[in-house]
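As stored in protein_37.txt (compact mmCIF, C-alpha atoms):
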```txt
# COMPACT_ATOMS: atom_id res chain seq x y z
CA MET A 21 -14.58 21.03 12.06
CA LYS A 22 -17.31 20.70 14.69
CA THR A 23 -19.90 19.79 12.05
CA LEU A 24 -17.50 17.37 10.35
CA ILE A 25 -16.62 15.56 13.57
CA ARG A 26 -20.27 15.40 14.63
CA LEU A 27 -21.28 13.80 11.31
CA LEU A 28 -18.40 11.32 11.47
CA ARG A 29 -19.35 10.24 14.99
CA GLN A 30 -22.95 9.78 13.90
CA GLN A 31 -21.76 7.16 11.41
CA ASN A 32 -19.97 5.29 14.24
CA CYS A 33 -16.74 4.97 12.26
CA GLU A 34 -13.12 5.66 13.11
CA PHE A 35 -11.59 8.67 11.42
CA ARG A 36 -8.54 10.88 11.00
CA ILE A 37 -8.64 14.52 9.89
CA ASN A 38 -5.52 16.18 8.50
CA THR A 39 -5.44 19.95 8.09
CA ARG A 40 -2.82 22.24 6.58
CA ARG A 41 -3.31 26.00 6.85
CA THR A 42 -0.86 28.06 4.81
CA HIS A 43 -0.41 31.83 4.91
CA SER A 44 2.02 33.22 2.35
CA HIS A 45 3.59 36.45 1.17
CA GLU A 46 4.87 36.18 -2.38
CA VAL A 47 6.97 38.54 -4.51
CA TYR A 48 7.76 37.97 -8.19
CA PHE A 49 10.71 39.84 -9.71
CA VAL A 50 11.73 40.25 -13.35
CA HIS A 51 15.26 41.70 -13.76
CA GLU A 52 15.26 42.82 -10.11
CA LYS A 53 11.99 44.71 -10.49
CA ALA A 54 9.04 43.55 -8.39
CA GLU A 55 6.25 42.85 -10.88
CA THR A 56 3.72 41.13 -8.61
CA VAL A 57 3.16 41.03 -4.85
CA ARG A 58 0.41 38.95 -3.31
CA SER A 59 -0.66 37.31 -0.09
CA THR A 60 -2.65 34.10 0.20
CA SER A 61 -4.39 32.10 2.88
CA VAL A 62 -5.27 28.51 2.03
CA THR A 63 -6.71 25.67 4.10
CA ALA A 64 -6.46 22.10 2.81
CA ARG A 65 -8.31 19.42 4.76
CA SER A 66 -8.60 15.68 4.14
CA VAL A 67 -10.58 13.03 6.00
CA THR A 68 -9.77 9.32 6.23
CA VAL A 69 -12.49 6.98 7.44
CA TYR A 70 -11.72 3.50 8.76
CA VAL A 71 -14.20 0.64 8.76
CA ASP A 72 -13.71 -2.73 10.50
CA HIS A 73 -15.40 -5.52 8.53
CA ASP A 74 -15.01 -9.29 8.22
CA GLY A 75 -11.85 -9.25 10.34
CA PHE A 76 -10.22 -6.59 8.17
CA LYS A 77 -9.82 -2.81 8.30
CA GLY A 78 -10.68 -0.70 5.26
CA ASP A 79 -9.95 2.97 4.74
CA TYR A 80 -10.78 5.71 2.27
CA THR A 81 -9.60 9.33 2.09
CA PHE A 82 -11.45 12.33 0.68
CA ARG A 83 -11.07 16.11 0.61
CA VAL A 84 -13.44 18.59 2.24
CA TYR A 85 -13.88 22.27 1.47
CA PRO A 86 -15.29 25.29 3.33
CA SER A 87 -18.04 25.48 0.71
CA ASP A 88 -19.28 21.95 1.51
CA SER A 89 -22.76 21.98 3.02
CA GLU A 90 -23.73 19.66 5.85
CA GLU A 91 -25.62 17.50 3.38
CA THR A 92 -22.55 17.35 1.09
CA LEU A 93 -20.34 16.31 4.00
CA ARG A 94 -22.82 13.62 5.05
CA GLU A 95 -22.86 12.25 1.50
CA LYS A 96 -19.06 12.25 1.25
CA ILE A 97 -18.76 10.37 4.54
CA GLN A 98 -21.32 7.75 3.55
CA ASN A 99 -19.64 7.19 0.16
CA ALA A 100 -16.25 6.91 1.86
CA ILE A 101 -17.60 4.25 4.24
CA LEU A 102 -18.92 2.22 1.31
CA ARG A 103 -15.54 2.42 -0.43
CA ALA A 104 -13.66 1.56 2.76
CA ARG A 105 -15.67 -1.67 3.00
CA LEU A 106 -14.03 -2.76 -0.26
CA ILE A 107 -10.54 -2.55 1.26
CA ARG A 108 -9.30 -5.64 3.09
CA ASN A 109 -6.24 -4.60 5.08
CA GLU A 110 -4.96 -6.56 8.04
CA HIS A 111 -6.44 -5.13 11.23
CA TYR A 112 -4.60 -2.43 13.22
CA THR A 113 -5.51 0.30 15.70
CA LEU A 114 -5.19 4.06 15.37
CA PRO A 115 -2.81 6.03 17.63
CA ALA A 116 -4.13 6.60 21.13
CA LYS A 117 -5.39 9.84 22.65
CA ALA A 118 -2.69 12.51 22.94
CA LYS A 119 -2.49 16.28 22.81
CA GLN A 120 0.39 18.38 21.49
CA SER A 121 0.81 21.91 20.17
CA VAL A 122 4.26 23.12 19.17
CA THR A 123 5.89 25.92 17.20
CA ALA A 124 9.07 25.08 15.33
CA GLU A 125 12.06 27.26 16.17
CA SER A 126 12.88 29.77 13.44
CA ASN A 127 14.26 33.31 13.28
CA LEU A 128 11.61 33.96 10.62
CA ALA A 129 8.89 33.98 13.29
CA SER A 130 10.05 37.31 14.75
CA MET A 131 9.76 39.28 11.48
CA PRO A 132 6.78 40.39 9.39
CA MET A 133 6.47 38.26 6.28
CA ASN A 134 6.91 41.18 3.89
CA ALA A 135 10.11 42.20 5.70
CA VAL A 136 11.45 38.66 5.33
CA ALA A 137 10.71 38.75 1.60
CA GLN A 138 12.59 42.06 1.23
CA LYS A 139 15.63 40.73 3.07
CA VAL A 140 15.65 37.53 1.02
CA ALA A 141 15.37 39.38 -2.28
CA GLN A 142 18.13 41.82 -1.37
CA ALA A 143 20.42 38.96 -0.32
CA CYS A 144 19.90 37.34 -3.73
CA PHE A 145 20.50 40.56 -5.66
CA ASP A 146 23.68 41.22 -3.64
CA ALA A 147 25.26 38.13 -5.21
CA ASP A 148 28.41 38.49 -7.30
CA LYS A 149 27.09 38.52 -10.86
CA GLY A 150 30.20 39.22 -12.89
CA GLU A 151 30.14 41.24 -16.11
CA GLY A 152 27.80 38.89 -17.96
CA GLY A 153 25.72 37.59 -15.10
CA SER A 154 22.20 38.48 -14.03
CA ILE A 155 19.21 37.11 -12.22
CA ASN A 156 16.66 36.93 -15.00
CA ALA A 157 13.79 36.09 -12.66
CA LEU A 158 13.37 35.68 -8.92
CA GLU A 159 10.38 34.47 -6.94
CA VAL A 160 10.27 34.68 -3.15
CA PHE A 161 7.67 32.80 -1.10
CA VAL A 162 7.43 33.31 2.67
CA TYR A 163 5.21 30.79 4.43
CA CYS A 164 3.63 30.34 7.82
CA GLU A 165 2.10 26.86 7.98
CA GLU A 166 0.08 25.04 10.59
CA VAL A 167 -0.36 21.30 10.25
CA ALA A 168 -2.83 19.48 12.47
CA VAL A 169 -4.17 15.97 12.92
CA VAL A 170 -7.23 14.83 14.85
CA ASN A 171 -8.51 11.26 15.16
CA SER A 172 -11.50 9.44 16.63
CA ASN A 173 -9.46 8.26 19.63
CA GLY A 174 -9.12 11.82 20.92
CA LEU A 175 -5.69 12.55 19.45
CA GLU A 176 -5.20 16.27 18.74
CA LYS A 177 -1.82 17.54 17.56
CA SER A 178 -0.68 20.68 15.75
CA GLN A 179 2.58 22.29 14.71
CA ARG A 180 3.29 25.76 13.36
CA LYS A 181 6.24 26.16 10.99
CA TYR A 182 7.89 29.02 9.13
CA ARG A 183 9.84 28.65 5.90
CA VAL A 184 11.02 30.43 2.78
CA MET A 185 11.27 29.17 -0.77
CA VAL A 186 13.36 31.01 -3.35
CA GLU A 187 13.25 30.22 -7.05
CA ALA A 188 15.90 31.96 -9.13
CA ILE A 189 16.97 31.90 -12.78
CA PRO A 190 20.67 32.88 -12.82
CA THR A 191 21.68 33.80 -16.37
CA TRP A 192 24.95 34.35 -18.20
CA ASN A 193 25.03 36.56 -21.32
CA GLU A 194 27.98 36.69 -23.69
CA LYS A 195 28.42 37.34 -27.42
CA GLY A 196 24.70 37.64 -27.99
CA GLU A 197 23.94 34.26 -26.41
CA SER A 198 22.71 33.31 -22.96
CA VAL A 199 22.58 30.28 -20.69
CA GLU A 200 20.21 29.83 -17.76
CA LEU A 201 20.10 27.53 -14.76
CA TYR A 202 17.28 26.96 -12.28
CA GLU A 203 17.95 27.19 -8.56
CA ALA A 204 15.50 26.50 -5.75
CA CYS A 205 16.38 27.14 -2.09
CA ASN A 206 14.24 26.16 0.88
CA PHE A 207 15.10 27.13 4.44
CA THR A 208 13.59 27.82 7.85
CA GLU A 209 16.43 30.00 9.16
CA LEU A 210 17.35 33.21 7.34
CA ASP A 211 21.11 33.59 6.88
CA GLU A 212 21.53 36.44 4.40
CA LYS A 213 25.26 35.97 3.89
CA ALA A 214 24.85 32.25 3.22
CA LEU A 215 22.03 32.94 0.75
CA THR A 216 24.13 35.53 -1.08
CA ALA A 217 27.00 33.05 -1.27
CA GLU A 218 24.70 30.32 -2.64
CA ILE A 219 23.32 32.55 -5.40
CA SER A 220 26.87 33.75 -6.20
CA ARG A 221 27.93 30.13 -6.57
CA LYS A 222 25.05 29.44 -8.96
CA LEU A 223 25.92 32.52 -11.01
CA ALA A 224 29.49 31.24 -11.29
CA GLU A 225 28.15 27.84 -12.35
CA VAL A 226 25.95 29.30 -15.07
CA ARG A 227 28.97 31.24 -16.37
CA ASP A 228 30.98 28.04 -16.47
CA ARG A 229 28.06 26.20 -18.06
CA TYR A 230 28.28 28.71 -20.93
CA HIS A 231 32.00 27.97 -21.43
CA ALA A 232 31.87 24.22 -20.70
CA GLN A 233 32.84 21.81 -23.46
CA LYS A 234 32.40 18.11 -24.05
CA PRO A 235 35.74 16.41 -23.31
CA ALA A 236 37.72 15.37 -26.37
CA SER A 237 38.69 12.06 -24.75
CA PRO A 238 37.18 9.86 -22.02
CA VAL A 239 37.68 11.12 -18.49
CA ASN A 240 39.27 8.62 -16.11
CA ALA A 241 39.05 10.01 -12.59
CA PRO A 242 37.21 9.48 -9.30
CA VAL A 243 33.82 11.20 -9.21
CA VAL A 244 32.71 13.69 -6.56
CA LEU A 245 29.02 13.91 -5.66
CA PHE A 246 27.56 16.66 -3.50
CA ALA A 247 24.78 16.82 -0.90
CA PRO A 248 21.74 16.75 -3.27
CA GLU A 249 22.94 13.52 -4.88
CA LEU A 250 24.09 11.98 -1.59
CA ALA A 251 20.56 12.58 -0.30
CA GLU A 252 19.25 10.41 -3.15
CA VAL A 253 21.68 7.61 -2.29
CA CYS A 254 20.59 7.70 1.37
CA LYS A 255 16.93 7.69 0.40
CA GLU A 256 17.47 4.58 -1.72
CA LEU A 257 19.36 2.79 1.07
CA SER A 258 16.73 3.56 3.71
CA TYR A 259 13.80 2.44 1.58
CA SER A 260 14.51 -1.23 2.24
CA LEU A 261 14.45 -0.62 5.99
CA ASN A 262 11.01 0.97 6.11
CA TYR A 263 8.39 -1.25 7.77
CA SER A 264 6.14 -0.97 4.70
CA SER A 265 8.90 -2.37 2.46
CA VAL A 266 9.59 -5.23 4.85
CA TYR A 267 5.89 -6.08 5.19
CA GLY A 268 5.41 -5.94 1.43
CA LYS A 269 8.53 -8.10 0.93
CA VAL A 270 10.08 -5.60 -1.47
CA ASN A 271 13.11 -4.95 0.73
CA LEU A 272 16.46 -6.05 -0.65
CA PHE A 273 18.14 -6.51 2.72
CA ASN A 274 17.24 -7.07 6.38
CA VAL A 275 18.49 -6.09 9.82
CA GLY A 276 21.89 -7.69 10.35
CA ASP A 277 22.91 -7.63 6.67
CA ASP A 278 26.19 -6.01 5.69
CA VAL A 279 24.78 -3.65 3.09
CA GLN A 280 27.94 -1.71 2.29
CA LYS A 281 30.44 -4.62 2.34
CA ARG A 282 33.10 -2.02 3.00
CA THR A 283 36.63 -2.78 1.79
CA SER A 284 38.07 0.72 2.27
CA GLY A 285 36.80 4.24 2.64
CA ASP A 286 34.26 5.29 5.26
CA GLY A 287 31.51 3.28 6.89
CA ILE A 288 27.97 4.49 6.27
CA THR A 289 26.08 5.36 9.46
CA LEU A 290 22.56 6.49 8.64
CA THR A 291 19.81 7.84 10.91
CA ARG A 292 16.21 8.56 10.05
CA CYS A 293 15.18 11.49 12.22
CA ALA A 294 12.36 13.90 12.95
CA GLN A 295 14.09 17.24 12.70
CA LEU A 296 17.08 18.98 11.16
CA LYS A 297 17.90 22.60 11.88
CA GLY A 298 17.00 24.67 8.83
CA SER A 299 15.03 21.93 7.07
CA ARG A 300 11.42 22.53 5.99
CA HIS A 301 10.79 18.79 6.29
CA SER A 302 11.27 18.75 10.07
CA ALA A 303 8.20 17.60 11.96
CA ALA A 304 6.97 16.89 15.48
CA PHE A 305 4.65 14.05 14.38
CA ASP A 306 3.63 12.23 11.21
CA ALA A 307 0.34 12.19 9.28
CA ASP A 308 -1.15 9.66 11.74
CA GLY A 309 -0.17 11.84 14.68
CA SER A 310 2.42 9.29 15.82
CA GLU A 311 5.35 10.49 17.89
CA LEU A 312 8.59 10.56 15.91
CA VAL A 313 11.53 8.66 17.38
CA ASP A 314 14.98 9.13 15.79
CA THR A 315 16.33 5.74 14.71
CA VAL A 316 19.80 4.66 13.58
CA ILE A 317 19.11 2.25 10.72
CA MET A 318 22.67 1.61 9.46
CA GLN A 319 25.86 1.46 11.50
CA ASN A 320 29.18 1.28 9.65
CA GLY A 321 27.43 -0.14 6.62
CA VAL A 322 25.40 -2.77 8.50
CA ALA A 323 21.61 -2.60 8.73
CA VAL A 324 20.75 -2.39 12.43
CA ALA A 325 17.08 -1.33 12.61
CA CYS A 326 13.93 -0.64 10.67
CA TYR A 327 11.59 2.33 11.01
CA GLY A 328 8.09 3.30 10.00
CA GLY A 329 4.58 4.33 10.85
CA ASN A 330 1.82 3.03 13.09
CA ARG A 331 0.10 0.55 10.77
CA PHE A 332 3.10 -1.43 9.54
CA ALA A 333 4.80 -1.29 12.94
CA GLN A 334 1.78 -3.18 14.35
CA TYR A 335 1.83 -5.68 11.50
CA LEU A 336 5.50 -6.49 12.19
CA LYS A 337 5.12 -6.22 15.99
CA GLN A 338 7.84 -3.57 16.11
CA PRO A 339 8.01 -0.24 17.95
CA CYS A 340 6.40 2.63 16.07
CA THR A 341 9.01 5.25 15.18
CA GLY A 342 6.65 7.25 12.99
CA GLU A 343 7.33 8.06 9.35
CA LEU A 344 10.59 9.90 9.97
CA PRO A 345 10.98 12.64 7.35
CA CYS A 346 14.68 13.51 7.63
CA ILE A 347 18.00 11.74 7.02
CA ARG A 348 21.28 12.20 8.87
CA LEU A 349 24.44 10.66 7.41
CA GLU A 350 27.53 10.73 9.63
CA THR A 351 30.51 12.59 8.19
CA GLY A 352 33.66 10.74 7.15
CA THR A 353 37.42 11.13 7.11
CA LEU A 354 38.02 12.97 3.82
CA SER A 355 39.28 16.49 4.50
CA GLN A 356 39.07 19.36 2.05
CA SER A 357 42.86 19.44 1.71
CA GLN A 358 42.99 15.70 0.99
CA ALA A 359 40.32 16.06 -1.69
CA GLU A 360 42.17 18.96 -3.30
CA GLY A 361 45.22 16.74 -3.77
CA ILE A 362 43.26 14.22 -5.89
CA ARG A 363 42.61 14.53 -9.61
CA ARG A 364 38.81 14.27 -9.70
CA LEU A 365 35.60 15.00 -11.58
CA GLU A 366 33.26 17.21 -9.53
CA CYS A 367 29.67 16.76 -10.73
CA VAL A 368 27.81 19.88 -9.66
CA SER A 369 24.66 19.77 -11.82
CA PHE A 370 22.69 16.71 -12.95
CA SER A 371 19.59 16.38 -15.07
CA GLY A 372 18.73 13.88 -12.32
CA LEU A 373 20.81 11.26 -10.54
CA GLN A 374 19.35 7.75 -10.62
CA THR A 375 20.08 5.30 -7.81
CA ASP A 376 18.52 1.85 -8.03
CA LEU A 377 19.39 -0.98 -5.65
CA ASN A 378 17.23 -3.42 -7.60
CA ASN A 379 19.33 -2.93 -10.71
CA ASP A 380 22.57 -2.23 -8.82
CA TYR A 381 22.93 1.11 -10.59
CA ILE A 382 24.01 4.68 -9.96
CA GLY A 383 24.32 7.22 -12.73
CA GLY A 384 22.88 10.04 -14.75
CA GLU A 385 23.43 12.84 -17.23
CA VAL A 386 25.76 15.58 -15.99
CA ARG A 387 24.97 19.11 -17.11
CA LEU A 388 28.04 20.68 -15.51
CA ALA A 389 31.16 19.15 -14.00
CA TYR A 390 34.69 20.29 -13.26
CA LEU A 391 37.75 18.22 -14.02
CA VAL A 392 40.05 19.31 -11.22
CA GLU A 393 43.79 18.84 -11.69
CA GLY A 394 45.65 20.73 -8.99
CA GLU A 395 44.84 24.43 -9.43
CA LYS A 396 43.26 23.84 -12.85
CA ARG A 397 39.46 23.52 -13.03
CA THR A 398 38.06 22.67 -16.47
CA PRO A 399 34.27 22.98 -16.90
CA LEU A 400 32.77 20.04 -18.79
CA THR A 401 29.31 19.22 -20.13
CA GLY A 402 27.70 16.62 -22.37
CA ILE A 403 28.84 13.69 -20.23
CA SER A 404 27.19 10.98 -18.14
CA ILE A 405 28.32 8.76 -15.28
CA SER A 406 27.45 5.13 -14.64
CA GLY A 407 28.43 2.54 -12.06
CA LYS A 408 27.32 -0.34 -9.87
CA LEU A 409 26.23 0.60 -6.37
CA SER A 410 27.74 -2.67 -5.13
CA ALA A 411 31.12 -1.48 -6.45
CA VAL A 412 30.78 2.15 -5.36
CA LEU A 413 29.58 1.80 -1.75
CA PRO A 414 32.47 -0.35 -0.43
CA THR A 415 35.07 2.35 -1.20
CA ILE A 416 33.12 5.60 -0.80
CA ARG A 417 34.97 8.44 0.94
CA LEU A 418 32.80 10.88 2.90
CA SER A 419 33.85 14.45 3.65
CA GLN A 420 34.50 15.88 7.08
CA GLN A 421 32.61 19.00 6.00
CA GLN A 422 28.86 18.91 6.69
CA ARG A 423 25.91 20.41 4.83
CA THR A 424 22.13 20.44 5.21
CA TYR A 425 20.11 20.16 2.02
CA GLU A 426 16.33 19.75 2.13
CA ASN A 427 15.73 16.68 4.38
CA TYR A 428 19.41 15.60 4.36
CA CYS A 429 22.21 16.50 6.76
CA GLY A 430 25.57 14.88 6.21
CA PRO A 431 28.84 15.07 4.30
CA ALA A 432 28.97 18.01 1.91
CA PHE A 433 30.57 15.79 -0.71
CA ALA A 434 31.82 12.26 -1.29
CA LEU A 435 34.52 10.72 -3.48
CA LEU A 436 33.45 7.70 -5.55
CA ASP A 437 35.65 5.16 -7.30
CA ASN A 438 34.53 2.54 -9.83
CA VAL A 439 32.36 5.00 -11.77
CA THR A 440 32.61 5.23 -15.56
CA VAL A 441 32.47 8.64 -17.24
CA PHE A 442 31.36 8.71 -20.87
```

Show me the file's structure as structure tokens.
Amino acid sequence: MKTLIRLLRQQNCEFRINTRRTHSHEVYFVHEKAETVRSTSVTARSVTVYVDHDGFKGDYTFRVYPSDSEETLREKIQNAILRARLIRNEHYTLPAKAKQSVTAESNLASMPMNAVAQKVAQACFDADKGEGGSINALEVFVYCEEVAVVNSNGLEKSQRKYRVMVEAIPTWNEKGESVELYEACNFTELDEKALTAEISRKLAEVRDRYHAQKPASPVNAPVVLFAPELAEVCKELSYSLNYSSVYGKVNLFNVGDDVQKRTSGDGITLTRCAQLKGSRHSAAFDADGSELVDTVIMQNGVAVACYGGNRFAQYLKQPCTGELPCIRLETGTLSQSQAEGIRRLECVSFSGLQTDLNNDYIGGEVRLAYLVEGEKRTPLTGISISGKLSAVLPTIRLSQQQRTYENYCGPAFALLDNVTVF
């Protein structure tokens, strides 16, 4: 780092250095037997140089490696400066001098990494498998990461984070045939009972996937989406309110617009935020080193603010909120008991939900769904859903129950009308 910074300053250019150091403990299981155990330590470092020329600001990013000699680094910097001179961005300034060093809260920090891996694996294997169920393969990754950013203005920030990733292949075997599903869990707080319950749920789903049938006739019922798909809807809605979208004139709506045009159901109140408890996406600052400021961008379906990073905030003369990594959607009025009284199609596994404001579309292929009629739950497969977002959003019902999934925290499920099942 000292050599790199010295060479950059010799070229009299602005710069930003981003570093990610990752220490991991990894265990690979086949049929509950540990086949491979390994530990890794990896440092990834990138450098962005900025060059002011002809009233513009150009930039170029390159990677550096521990094996790079001083001469190699000097050559990379000089080539990057030449390339940056070809870029003609509107002028802006880098974040000012600031210092920050934080460690994210996590109960993983107090345990050795190998002990965490053992606890995680045991929690997965404790799941209720049923007579035909098994975990065909399991991979456990325990990470300690440190992300850091340094720039030419004297900004120096770092954050240490702990997280676990679990990849599991729950399998159902019956009559000489088997069905598998893929499940990935990411978390920063170890809750063994919750993990066991999640893997048990996936094992039940793979059993039902084995028995699921394509419906003999079209299904006419409201559709239930769960947290992973609601996260996609929120991501699509917030895209238009990012400063970069507004500056590039690719936003479909502006502050003050009634996006939801609600006629019934629950109003959408959406916040882009820095941190969510349990989410690996939580951050203290963004890639520029900018402070992250939680921002409500939609209130009861109306766009009320934009958000974004340093560069585009300056272009639009707006406050810099930083590139906020997480999404918080306020819960609604739909209780579990109310939902249970409605004949509905619960879509629990998609090949991938598509949401597209430009084409006014929401839909996708459903790998597993349940047609719920009172106490009766019929597993279905081989179906797809399709609808117009402009028809779905005005009547959406959001659950009172809350769930965190990846970078989303909000209603655990939502009830959608005006969706076609085919």

List the spatial neighbours of A:Lys195 as a VMD selection string - criterion: any atom at most 12 Å away, only C-alpha atoms, same-chain residues fewer than 3 positions off excluded. chain A and resid 152 192 198 to 199 230 to 231

Just the residues within 12 Å of A:Phe76, please, counting all atoms listed in the file, with nothing from its chain fewer than 3 positions along; format it as a PyMOL selection string. chain A and resi 70-73+79+104-113

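Closest approach to A:Val253 from the set A:Ser237, A:Gln98, A:Ser265, A:Thr375 is made by A:Thr375, with distances taken over only C-alpha atoms.
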
Go through A:Cys164, A:Leu93, A:Val170, A:Leu24 and flag the residue nearest A:Thr60, using all atoms listed in the file for the distances.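 Ranking A:Cys164, A:Leu93, A:Val170, A:Leu24 by distance to A:Thr60, first place goes to A:Cys164.
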
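Near (35.7, -3.3, 3.0), the residues that fall inside 12 Å on the basis of only C-alpha atoms are Asp278, Val279, Gln280, Lys281, Arg282, Thr283, Ser284, Gly285, Asp286, Gly287, Ile288, Asn320, Gly321, Val322, Ser410, Ala411, Val412, Leu413, Pro414, Thr415, Ile416 and Arg417 of chain A.
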
Calculate how many Å separate atom CA of A:Thr63 from atom CA of A:Ser44, rounding to one decimal.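 Between these atoms lies a distance of 11.7 Å.
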
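Checking A:Gln334, A:Arg180, A:Leu349, A:Ile101 one by one against A:Leu28, counting only C-alpha atoms, you find the shortest gap at A:Ile101.
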
When you look at A:Asp228 with a cut-off of 12 Å (counting only C-alpha atoms), what residues show up, excluding the ones that are within fewer than 3 positions of it in the same chain? I need them as a VMD selection string. chain A and resid 150 152 to 153 190 to 194 198 to 201 221 to 225 231 to 233 368 to 369 387 to 390 397 to 401

Just want the 12 Å neighbourhood of A:Lys255, counted on all atoms listed in the file, with same-chain residues fewer than 5 positions away dropped. Output as a VMD selection string. chain A and resid 248 to 250 260 to 262 290 to 292 317 344 to 349 374 to 377 427 to 428

Residues around (32.3, 7.9, -14.6), cut-off 7 Å, counting only C-alpha atoms - what are they as an mmCIF file with C-alpha atoms, keeping the file's coordinate frame?
```cif
data_model
loop_
_atom_site.group_PDB
_atom_site.id
_atom_site.type_symbol
_atom_site.label_atom_id
_atom_site.label_comp_id
_atom_site.auth_asym_id
_atom_site.auth_seq_id
_atom_site.Cartn_x
_atom_site.Cartn_y
_atom_site.Cartn_z
ATOM 1 C CA VAL A 243 33.820 11.200 -9.210
ATOM 2 C CA SER A 404 27.190 10.980 -18.140
ATOM 3 C CA ILE A 405 28.320 8.760 -15.280
ATOM 4 C CA SER A 406 27.450 5.130 -14.640
ATOM 5 C CA VAL A 439 32.360 5.000 -11.770
ATOM 6 C CA THR A 440 32.610 5.230 -15.560
ATOM 7 C CA VAL A 441 32.470 8.640 -17.240
ATOM 8 C CA PHE A 442 31.360 8.710 -20.870
#
```

Long-range neighbours of stretch 325-327 of chain A as a ChimeraX atom specification, 12 Å cut-off, all atoms listed in the file, 5 positions minimum in chain: /A:257-267,271,273-277,289-294,312-319,332-334,336-345
